[in-house]
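*Asks:* Sending over input-v8.pdb (PDB, C-alpha atoms).
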ATOM      1  CA  MET H   1     -59.414  72.803 -25.423  1.00  0.00           C
ATOM      2  CA  THR H   2     -59.907  71.496 -21.906  1.00  0.00           C
ATOM      3  CA  ILE H   3     -62.834  71.712 -19.518  1.00  0.00           C
ATOM      4  CA  ILE H   4     -61.405  72.093 -16.018  1.00  0.00           C
ATOM      5  CA  ILE H   5     -63.234  71.101 -12.861  1.00  0.00           C
ATOM      6  CA  LYS H   6     -61.218  73.303 -10.539  1.00  0.00           C
ATOM      7  CA  ASN H   7     -62.929  72.423  -7.276  1.00  0.00           C
ATOM      8  CA  LYS H   8     -66.229  70.956  -6.176  1.00  0.00           C
ATOM      9  CA  GLU H   9     -68.162  73.976  -7.454  1.00  0.00           C
ATOM     10  CA  THR H  10     -66.258  75.501 -10.384  1.00  0.00           C
ATOM     11  CA  LEU H  11     -66.098  74.476 -14.050  1.00  0.00           C
ATOM     12  CA  LEU H  12     -63.822  76.489 -16.358  1.00  0.00           C
ATOM     13  CA  ILE H  13     -63.763  76.501 -20.169  1.00  0.00           C
ATOM     14  CA  ASP H  14     -62.131  79.243 -22.227  1.00  0.00           C
ATOM     15  CA  GLU H  15     -63.036  82.517 -20.503  1.00  0.00           C
ATOM     16  CA  PHE H  16     -66.221  81.037 -19.027  1.00  0.00           C
ATOM     17  CA  LYS H  17     -66.559  80.149 -15.350  1.00  0.00           C
ATOM     18  CA  PHE H  18     -69.630  78.110 -14.430  1.00  0.00           C
ATOM     19  CA  LYS H  19     -70.902  76.869 -11.107  1.00  0.00           C
ATOM     20  CA  CYS H  20     -71.099  73.062 -10.944  1.00  0.00           C
ATOM     21  CA  SER H  21     -71.668  70.200  -8.542  1.00  0.00           C
ATOM     22  CA  ILE H  22     -69.790  66.916  -8.197  1.00  0.00           C
ATOM     23  CA  GLY H  23     -70.096  63.637  -6.287  1.00  0.00           C
ATOM     24  CA  LYS H  24     -71.579  63.732  -2.797  1.00  0.00           C
ATOM     25  CA  LYS H  25     -68.328  62.397  -1.268  1.00  0.00           C
ATOM     26  CA  GLY H  26     -65.908  64.592  -3.258  1.00  0.00           C
ATOM     27  CA  PHE H  27     -63.069  63.583  -5.567  1.00  0.00           C
ATOM     28  CA  THR H  28     -61.050  60.351  -5.681  1.00  0.00           C
ATOM     29  CA  LYS H  29     -58.115  58.766  -7.492  1.00  0.00           C
ATOM     30  CA  ASN H  30     -59.518  55.332  -6.583  1.00  0.00           C
ATOM     31  CA  LYS H  31     -63.103  55.335  -7.803  1.00  0.00           C
ATOM     32  CA  THR H  32     -65.279  52.305  -7.112  1.00  0.00           C
ATOM     33  CA  GLU H  33     -68.825  51.593  -8.222  1.00  0.00           C
ATOM     34  CA  GLY H  34     -71.379  53.336  -6.022  1.00  0.00           C
ATOM     35  CA  ASP H  35     -68.905  55.347  -3.894  1.00  0.00           C
ATOM     36  CA  TYR H  36     -70.546  58.728  -4.706  1.00  0.00           C
ATOM     37  CA  LYS H  37     -67.136  60.161  -5.694  1.00  0.00           C
ATOM     38  CA  THR H  38     -66.062  61.970  -8.857  1.00  0.00           C
ATOM     39  CA  PRO H  39     -62.946  60.458 -10.484  1.00  0.00           C
ATOM     40  CA  ILE H  40     -59.765  62.566 -10.724  1.00  0.00           C
ATOM     41  CA  GLY H  41     -57.946  62.636 -14.060  1.00  0.00           C
ATOM     42  CA  ILE H  42     -58.021  63.837 -17.649  1.00  0.00           C
ATOM     43  CA  PHE H  43     -60.696  62.189 -19.769  1.00  0.00           C
ATOM     44  CA  ASP H  44     -62.020  62.319 -23.336  1.00  0.00           C
ATOM     45  CA  LEU H  45     -65.634  63.240 -23.944  1.00  0.00           C
ATOM     46  CA  GLY H  46     -68.143  60.971 -25.630  1.00  0.00           C
ATOM     47  CA  ASN H  47     -71.365  61.786 -27.428  1.00  0.00           C
ATOM     48  CA  ILE H  48     -73.942  64.331 -26.375  1.00  0.00           C
ATOM     49  CA  TYR H  49     -77.332  62.780 -25.575  1.00  0.00           C
ATOM     50  CA  TYR H  50     -80.572  64.767 -25.398  1.00  0.00           C
ATOM     51  CA  ARG H  51     -84.316  64.350 -24.860  1.00  0.00           C
ATOM     52  CA  SER H  52     -85.900  65.528 -28.115  1.00  0.00           C
ATOM     53  CA  ASP H  53     -89.344  65.723 -26.484  1.00  0.00           C
ATOM     54  CA  ARG H  54     -88.035  68.345 -24.026  1.00  0.00           C
ATOM     55  CA  ILE H  55     -85.126  70.107 -25.745  1.00  0.00           C
ATOM     56  CA  GLU H  56     -84.417  71.018 -29.341  1.00  0.00           C
ATOM     57  CA  LYS H  57     -81.329  69.436 -30.859  1.00  0.00           C
ATOM     58  CA  PRO H  58     -78.306  71.206 -29.363  1.00  0.00           C
ATOM     59  CA  VAL H  59     -75.608  72.872 -31.457  1.00  0.00           C
ATOM     60  CA  SER H  60     -72.204  71.208 -31.118  1.00  0.00           C
ATOM     61  CA  LYS H  61     -69.212  69.840 -33.008  1.00  0.00           C
ATOM     62  CA  ILE H  62     -69.605  66.570 -31.085  1.00  0.00           C
ATOM     63  CA  LYS H  63     -71.895  63.761 -32.252  1.00  0.00           C
ATOM     64  CA  ILE H  64     -75.421  64.240 -30.915  1.00  0.00           C
ATOM     65  CA  CYS H  65     -77.791  61.347 -30.121  1.00  0.00           C
ATOM     66  CA  LYS H  66     -81.479  61.346 -29.190  1.00  0.00           C
ATOM     67  CA  ILE H  67     -82.297  59.583 -25.945  1.00  0.00           C
ATOM     68  CA  LYS H  68     -84.878  56.849 -26.514  1.00  0.00           C
ATOM     69  CA  LYS H  69     -87.129  55.309 -23.863  1.00  0.00           C
ATOM     70  CA  ASN H  70     -85.194  52.034 -23.892  1.00  0.00           C
ATOM     71  CA  MET H  71     -81.707  53.525 -23.455  1.00  0.00           C
ATOM     72  CA  GLY H  72     -79.645  52.845 -20.363  1.00  0.00           C
ATOM     73  CA  TRP H  73     -76.052  52.818 -19.156  1.00  0.00           C
ATOM     74  CA  CYS H  74     -74.933  49.534 -17.597  1.00  0.00           C
ATOM     75  CA  ASP H  75     -73.607  49.972 -14.052  1.00  0.00           C
ATOM     76  CA  ASP H  76     -73.504  46.257 -13.210  1.00  0.00           C
ATOM     77  CA  PRO H  77     -69.859  45.154 -12.680  1.00  0.00           C
ATOM     78  CA  LYS H  78     -70.873  41.526 -13.406  1.00  0.00           C
ATOM     79  CA  SER H  79     -72.160  42.374 -16.881  1.00  0.00           C
ATOM     80  CA  LYS H  80     -70.156  42.118 -20.101  1.00  0.00           C
ATOM     81  CA  LYS H  81     -71.702  45.481 -21.003  1.00  0.00           C
ATOM     82  CA  TYR H  82     -70.456  47.228 -17.844  1.00  0.00           C
ATOM     83  CA  ASN H  83     -70.027  50.981 -18.417  1.00  0.00           C
ATOM     84  CA  LYS H  84     -71.553  50.849 -21.910  1.00  0.00           C
ATOM     85  CA  LEU H  85     -74.719  52.206 -23.510  1.00  0.00           C
ATOM     86  CA  ILE H  86     -77.356  49.467 -23.570  1.00  0.00           C
ATOM     87  CA  LYS H  87     -80.853  48.824 -24.853  1.00  0.00           C
ATOM     88  CA  ILE H  88     -83.000  48.099 -21.799  1.00  0.00           C
ATOM     89  CA  LYS H  89     -84.888  44.816 -22.080  1.00  0.00           C
ATOM     90  CA  LYS H  90     -87.988  44.046 -20.003  1.00  0.00           C
ATOM     91  CA  ASN H  91     -86.474  41.100 -18.136  1.00  0.00           C
ATOM     92  CA  SER H  92     -82.959  42.533 -17.800  1.00  0.00           C
ATOM     93  CA  GLN H  93     -80.981  40.985 -14.935  1.00  0.00           C
ATOM     94  CA  SER H  94     -78.336  43.732 -15.089  1.00  0.00           C
ATOM     95  CA  SER H  95     -78.360  46.970 -13.160  1.00  0.00           C
ATOM     96  CA  TYR H  96     -78.369  50.150 -15.244  1.00  0.00           C
ATOM     97  CA  GLU H  97     -78.801  53.912 -15.159  1.00  0.00           C
ATOM     98  CA  LYS H  98     -81.942  54.796 -17.122  1.00  0.00           C
ATOM     99  CA  LEU H  99     -81.271  57.695 -19.528  1.00  0.00           C
ATOM    100  CA  TYR H 100     -84.942  58.496 -20.250  1.00  0.00           C
ATOM    101  CA  ARG H 101     -85.893  59.860 -16.834  1.00  0.00           C
ATOM    102  CA  LYS H 102     -88.879  61.590 -15.236  1.00  0.00           C
ATOM    103  CA  ASP H 103     -86.653  64.355 -13.847  1.00  0.00           C
ATOM    104  CA  SER H 104     -84.628  66.627 -16.127  1.00  0.00           C
ATOM    105  CA  LYS H 105     -81.074  65.634 -15.091  1.00  0.00           C
ATOM    106  CA  TYR H 106     -80.458  63.705 -18.297  1.00  0.00           C
ATOM    107  CA  ASP H 107     -82.356  65.940 -20.710  1.00  0.00           C
ATOM    108  CA  LEU H 108     -78.826  66.843 -21.859  1.00  0.00           C
ATOM    109  CA  LEU H 109     -75.720  64.864 -21.010  1.00  0.00           C
ATOM    110  CA  ILE H 110     -72.213  64.206 -22.250  1.00  0.00           C
ATOM    111  CA  LEU H 111     -70.366  60.991 -21.526  1.00  0.00           C
ATOM    112  CA  ILE H 112     -67.129  61.503 -19.598  1.00  0.00           C
ATOM    113  CA  LYS H 113     -64.967  58.617 -20.842  1.00  0.00           C
ATOM    114  CA  TYR H 114     -63.829  57.429 -17.424  1.00  0.00           C
ATOM    115  CA  ASN H 115     -63.104  53.662 -17.207  1.00  0.00           C
ATOM    116  CA  TYR H 116     -64.277  53.434 -20.789  1.00  0.00           C
ATOM    117  CA  LYS H 117     -61.706  52.056 -23.240  1.00  0.00           C
ATOM    118  CA  LYS H 118     -60.246  49.257 -21.097  1.00  0.00           C
ATOM    119  CA  VAL H 119     -63.107  48.779 -18.684  1.00  0.00           C
ATOM    120  CA  LYS H 120     -62.173  47.515 -15.221  1.00  0.00           C
ATOM    121  CA  LYS H 121     -64.972  45.862 -13.269  1.00  0.00           C
ATOM    122  CA  ASN H 122     -66.199  47.796 -10.223  1.00  0.00           C
ATOM    123  CA  LYS H 123     -64.042  50.895 -11.005  1.00  0.00           C
ATOM    124  CA  GLY H 124     -67.080  53.080 -11.691  1.00  0.00           C
ATOM    125  CA  SER H 125     -69.497  53.664 -14.540  1.00  0.00           C
ATOM    126  CA  ALA H 126     -71.991  56.147 -16.002  1.00  0.00           C
ATOM    127  CA  ILE H 127     -69.881  59.225 -15.310  1.00  0.00           C
ATOM    128  CA  PHE H 128     -71.592  62.073 -17.140  1.00  0.00           C
ATOM    129  CA  LEU H 129     -71.651  65.821 -17.417  1.00  0.00           C
ATOM    130  CA  HIS H 130     -75.384  66.399 -16.930  1.00  0.00           C
ATOM    131  CA  LEU H 131     -77.959  68.972 -15.867  1.00  0.00           C
ATOM    132  CA  THR H 132     -78.832  70.292 -12.423  1.00  0.00           C
ATOM    133  CA  LYS H 133     -81.418  72.747 -11.175  1.00  0.00           C
ATOM    134  CA  ASP H 134     -80.090  73.225  -7.648  1.00  0.00           C
ATOM    135  CA  TYR H 135     -76.427  72.093  -7.657  1.00  0.00           C
ATOM    136  CA  SER H 136     -77.190  69.191  -5.325  1.00  0.00           C
ATOM    137  CA  ALA H 137     -74.388  66.637  -5.051  1.00  0.00           C
ATOM    138  CA  THR H 138     -74.295  63.837  -7.630  1.00  0.00           C
ATOM    139  CA  LYS H 139     -73.465  60.129  -7.476  1.00  0.00           C
ATOM    140  CA  GLY H 140     -70.084  60.904  -9.104  1.00  0.00           C
ATOM    141  CA  CYS H 141     -70.988  62.948 -12.167  1.00  0.00           C
ATOM    142  CA  VAL H 142     -70.428  66.640 -12.855  1.00  0.00           C
ATOM    143  CA  ALA H 143     -73.611  68.735 -13.119  1.00  0.00           C
ATOM    144  CA  ILE H 144     -74.266  72.256 -14.446  1.00  0.00           C
ATOM    145  CA  LYS H 145     -77.280  74.442 -15.264  1.00  0.00           C
ATOM    146  CA  LYS H 146     -78.955  74.056 -18.661  1.00  0.00           C
ATOM    147  CA  LYS H 147     -78.040  77.587 -19.845  1.00  0.00           C
ATOM    148  CA  ASP H 148     -74.349  76.890 -19.084  1.00  0.00           C
ATOM    149  CA  PHE H 149     -74.524  73.465 -20.749  1.00  0.00           C
ATOM    150  CA  LEU H 150     -75.844  75.059 -23.955  1.00  0.00           C
ATOM    151  CA  ILE H 151     -72.896  77.502 -24.007  1.00  0.00           C
ATOM    152  CA  LEU H 152     -70.408  74.700 -23.291  1.00  0.00           C
ATOM    153  CA  ASN H 153     -71.909  72.599 -26.138  1.00  0.00           C
ATOM    154  CA  LYS H 154     -70.990  75.283 -28.647  1.00  0.00           C
ATOM    155  CA  LEU H 155     -67.368  75.547 -27.434  1.00  0.00           C
ATOM    156  CA  ILE H 156     -66.341  71.894 -27.309  1.00  0.00           C
ATOM    157  CA  ASN H 157     -65.206  69.603 -30.118  1.00  0.00           C
ATOM    158  CA  LYS H 158     -64.007  66.000 -30.583  1.00  0.00           C
ATOM    159  CA  LYS H 159     -60.566  66.855 -29.158  1.00  0.00           C
ATOM    160  CA  THR H 160     -61.893  68.514 -26.008  1.00  0.00           C
ATOM    161  CA  LYS H 161     -60.903  66.820 -22.763  1.00  0.00           C
ATOM    162  CA  ILE H 162     -62.175  67.239 -19.222  1.00  0.00           C
ATOM    163  CA  LYS H 163     -59.647  67.623 -16.408  1.00  0.00           C
ATOM    164  CA  ILE H 164     -60.991  66.826 -12.958  1.00  0.00           C
ATOM    165  CA  THR H 165     -58.572  67.881 -10.222  1.00  0.00           C
TER     166      THR H 165
END
Starting from the coordinates I provided, produce the structure as structure tokens.
*Replies:*
Amino acid sequence: MTIIIKNKETLLIDEFKFKCSIGKKGFTKNKTEGDYKTPIGIFDLGNIYYRSDRIEKPVSKIKICKIKKNMGWCDDPKSKKYNKLIKIKKNSQSSYEKLYRKDSKYDLLILIKYNYKKVKKNKGSAIFLHLTKDYSATKGCVAIKKKDFLILNKLINKKTKIKIT
């Protein structure tokens, strides 16, 4: 099964067609950190992360993890933990994307495994499929409404890929 991002506002999976949003500056084959572009390619999916204080545990065939207050995703190209899940420390010198947020964007998210296995510095990090309320452009992620995310969760499995064209 493949999730297809057909254009900057359409996500397809099985017979479902959902509205989505992507990076503010469109798609790219040459992603760099902070360019506000969504990477083109076919990628594996990682774990599903959720805020248990806001959402009940979702139903999925993919591993599900609770987001804790000290969880972040390293977006610092100088760090050894670049593009990895990290535990945020009080005096951290690294830059990171905080997963436990005041807004609801990361109440549910799935890691898109872009630049993940053989990480290349400055090629982009923290690319997620996450929530949106208004389809505003992202920093490079793909965003959909919560009701659509909950349907998608039930359809995907460990072999599901995402194709961004």
*Asks:* Rounded to one decimal, what separation in Å do you get between CA of Ile4 in chain H and CA of Leu155 in chain H?
*Replies:*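 Distance reported for this atom pair: 13.3 Å.
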*Asks:* With all atoms listed in the file as the counted atoms, please give the residues lying no more than 12 Å from range 83-89 of chain H, apart from itself and same-chain residues fewer than 2 positions off, as an MDAnalysis selection string.
*Replies:* chainID H and resid 33 46:47 49 65 67:81 91:100 111:128
*Asks:* Using only C-alpha atoms, which of the listed residues (H:Leu129, H:Ile64, H:Cys20, H:Ile162) sits closest to Ser52 in chain H?
*Replies:*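 Result for the nearest residue to Ser52 in chain H: H:Ile64.
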*Asks:* Might you pull out every residue within 8 Å of range 135-146 of chain H, with only C-alpha atoms counted and same-chain residues fewer than 2 positions away left off, and present them as a list of chain:residue names?
*Replies:*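 Non-adjacent residues within range: H:Phe18, H:Lys19, H:Cys20, H:Ser21, H:Ile22, H:Gly23, H:Lys24, H:Gly34, H:Asp35, H:Tyr36, H:Lys37, H:Thr38, H:Pro39, H:Leu108, H:Ala126, H:Ile127, H:Phe128, H:Leu129, H:His130, H:Leu131, H:Thr132, H:Lys133, H:Asp148, H:Phe149, H:Leu150.
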*Asks:* Take the residues just selected and output them with C-alpha atoms as an mmCIF file, keeping the file's coordinate frame.
*Replies:*
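Okay, this is what ended up in again13.cif:
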data_model
loop_
_atom_site.group_PDB
_atom_site.id
_atom_site.type_symbol
_atom_site.label_atom_id
_atom_site.label_comp_id
_atom_site.auth_asym_id
_atom_site.auth_seq_id
_atom_site.Cartn_x
_atom_site.Cartn_y
_atom_site.Cartn_z
ATOM 1 C CA PHE H 18 -69.630 78.110 -14.430
ATOM 2 C CA LYS H 19 -70.902 76.869 -11.107
ATOM 3 C CA CYS H 20 -71.099 73.062 -10.944
ATOM 4 C CA SER H 21 -71.668 70.200 -8.542
ATOM 5 C CA ILE H 22 -69.790 66.916 -8.197
ATOM 6 C CA GLY H 23 -70.096 63.637 -6.287
ATOM 7 C CA LYS H 24 -71.579 63.732 -2.797
ATOM 8 C CA GLY H 34 -71.379 53.336 -6.022
ATOM 9 C CA ASP H 35 -68.905 55.347 -3.894
ATOM 10 C CA TYR H 36 -70.546 58.728 -4.706
ATOM 11 C CA LYS H 37 -67.136 60.161 -5.694
ATOM 12 C CA THR H 38 -66.062 61.970 -8.857
ATOM 13 C CA PRO H 39 -62.946 60.458 -10.484
ATOM 14 C CA LEU H 108 -78.826 66.843 -21.859
ATOM 15 C CA ALA H 126 -71.991 56.147 -16.002
ATOM 16 C CA ILE H 127 -69.881 59.225 -15.310
ATOM 17 C CA PHE H 128 -71.592 62.073 -17.140
ATOM 18 C CA LEU H 129 -71.651 65.821 -17.417
ATOM 19 C CA HIS H 130 -75.384 66.399 -16.930
ATOM 20 C CA LEU H 131 -77.959 68.972 -15.867
ATOM 21 C CA THR H 132 -78.832 70.292 -12.423
ATOM 22 C CA LYS H 133 -81.418 72.747 -11.175
ATOM 23 C CA ASP H 148 -74.349 76.890 -19.084
ATOM 24 C CA PHE H 149 -74.524 73.465 -20.749
ATOM 25 C CA LEU H 150 -75.844 75.059 -23.955
#
*Asks:* Smallest atom-to-atom distance to Ile110 in chain H: which of H:Leu12, H:Ile42, H:Tyr50, H:Lys6, using all atoms listed in the file?
*Replies:*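 For Ile110 in chain H, the nearest of the given residues is H:Tyr50.
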*Asks:* Around all listed atoms of range 100-103 of chain H, padded 3 Å per side, what centre and edge lengths does the axis-aligned box have in Å to one decimal, as JSON?
*Replies:*
{"center_x": -86.9, "center_y": 61.4, "center_z": -17.0, "size_x": 9.9, "size_y": 11.9, "size_z": 12.4}
*Asks:* Measure the distance from CA of Pro58 in chain H to CA of Lys8 in chain H in Å and round it to one decimal.
*Replies:*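 Atom-to-atom, CA of Pro58 in chain H and CA of Lys8 in chain H are spaced 26.1 Å apart.
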*Asks:* How many Å lie between CA of Lys61 in chain H and CA of Asn153 in chain H, rounded to one decimal?
*Replies:*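 Taking CA of Lys61 in chain H as the start and CA of Asn153 in chain H as the end point, the length is 7.9 Å.
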*Asks:* Can you give me, as a compact mmCIF listing (two decimals) with C-alpha atoms, keeping the file's coordinate frame, the residues this file yields under the PyMOL selection byres ((chain H and resi 164) around 6)?
*Replies:*
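Output (result_22.txt):
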# COMPACT_ATOMS: atom_id res chain seq x y z
CA ILE H 5 -63.23 71.10 -12.86
CA ILE H 40 -59.76 62.57 -10.72
CA GLY H 41 -57.95 62.64 -14.06
CA LYS H 163 -59.65 67.62 -16.41
CA THR H 165 -58.57 67.88 -10.22
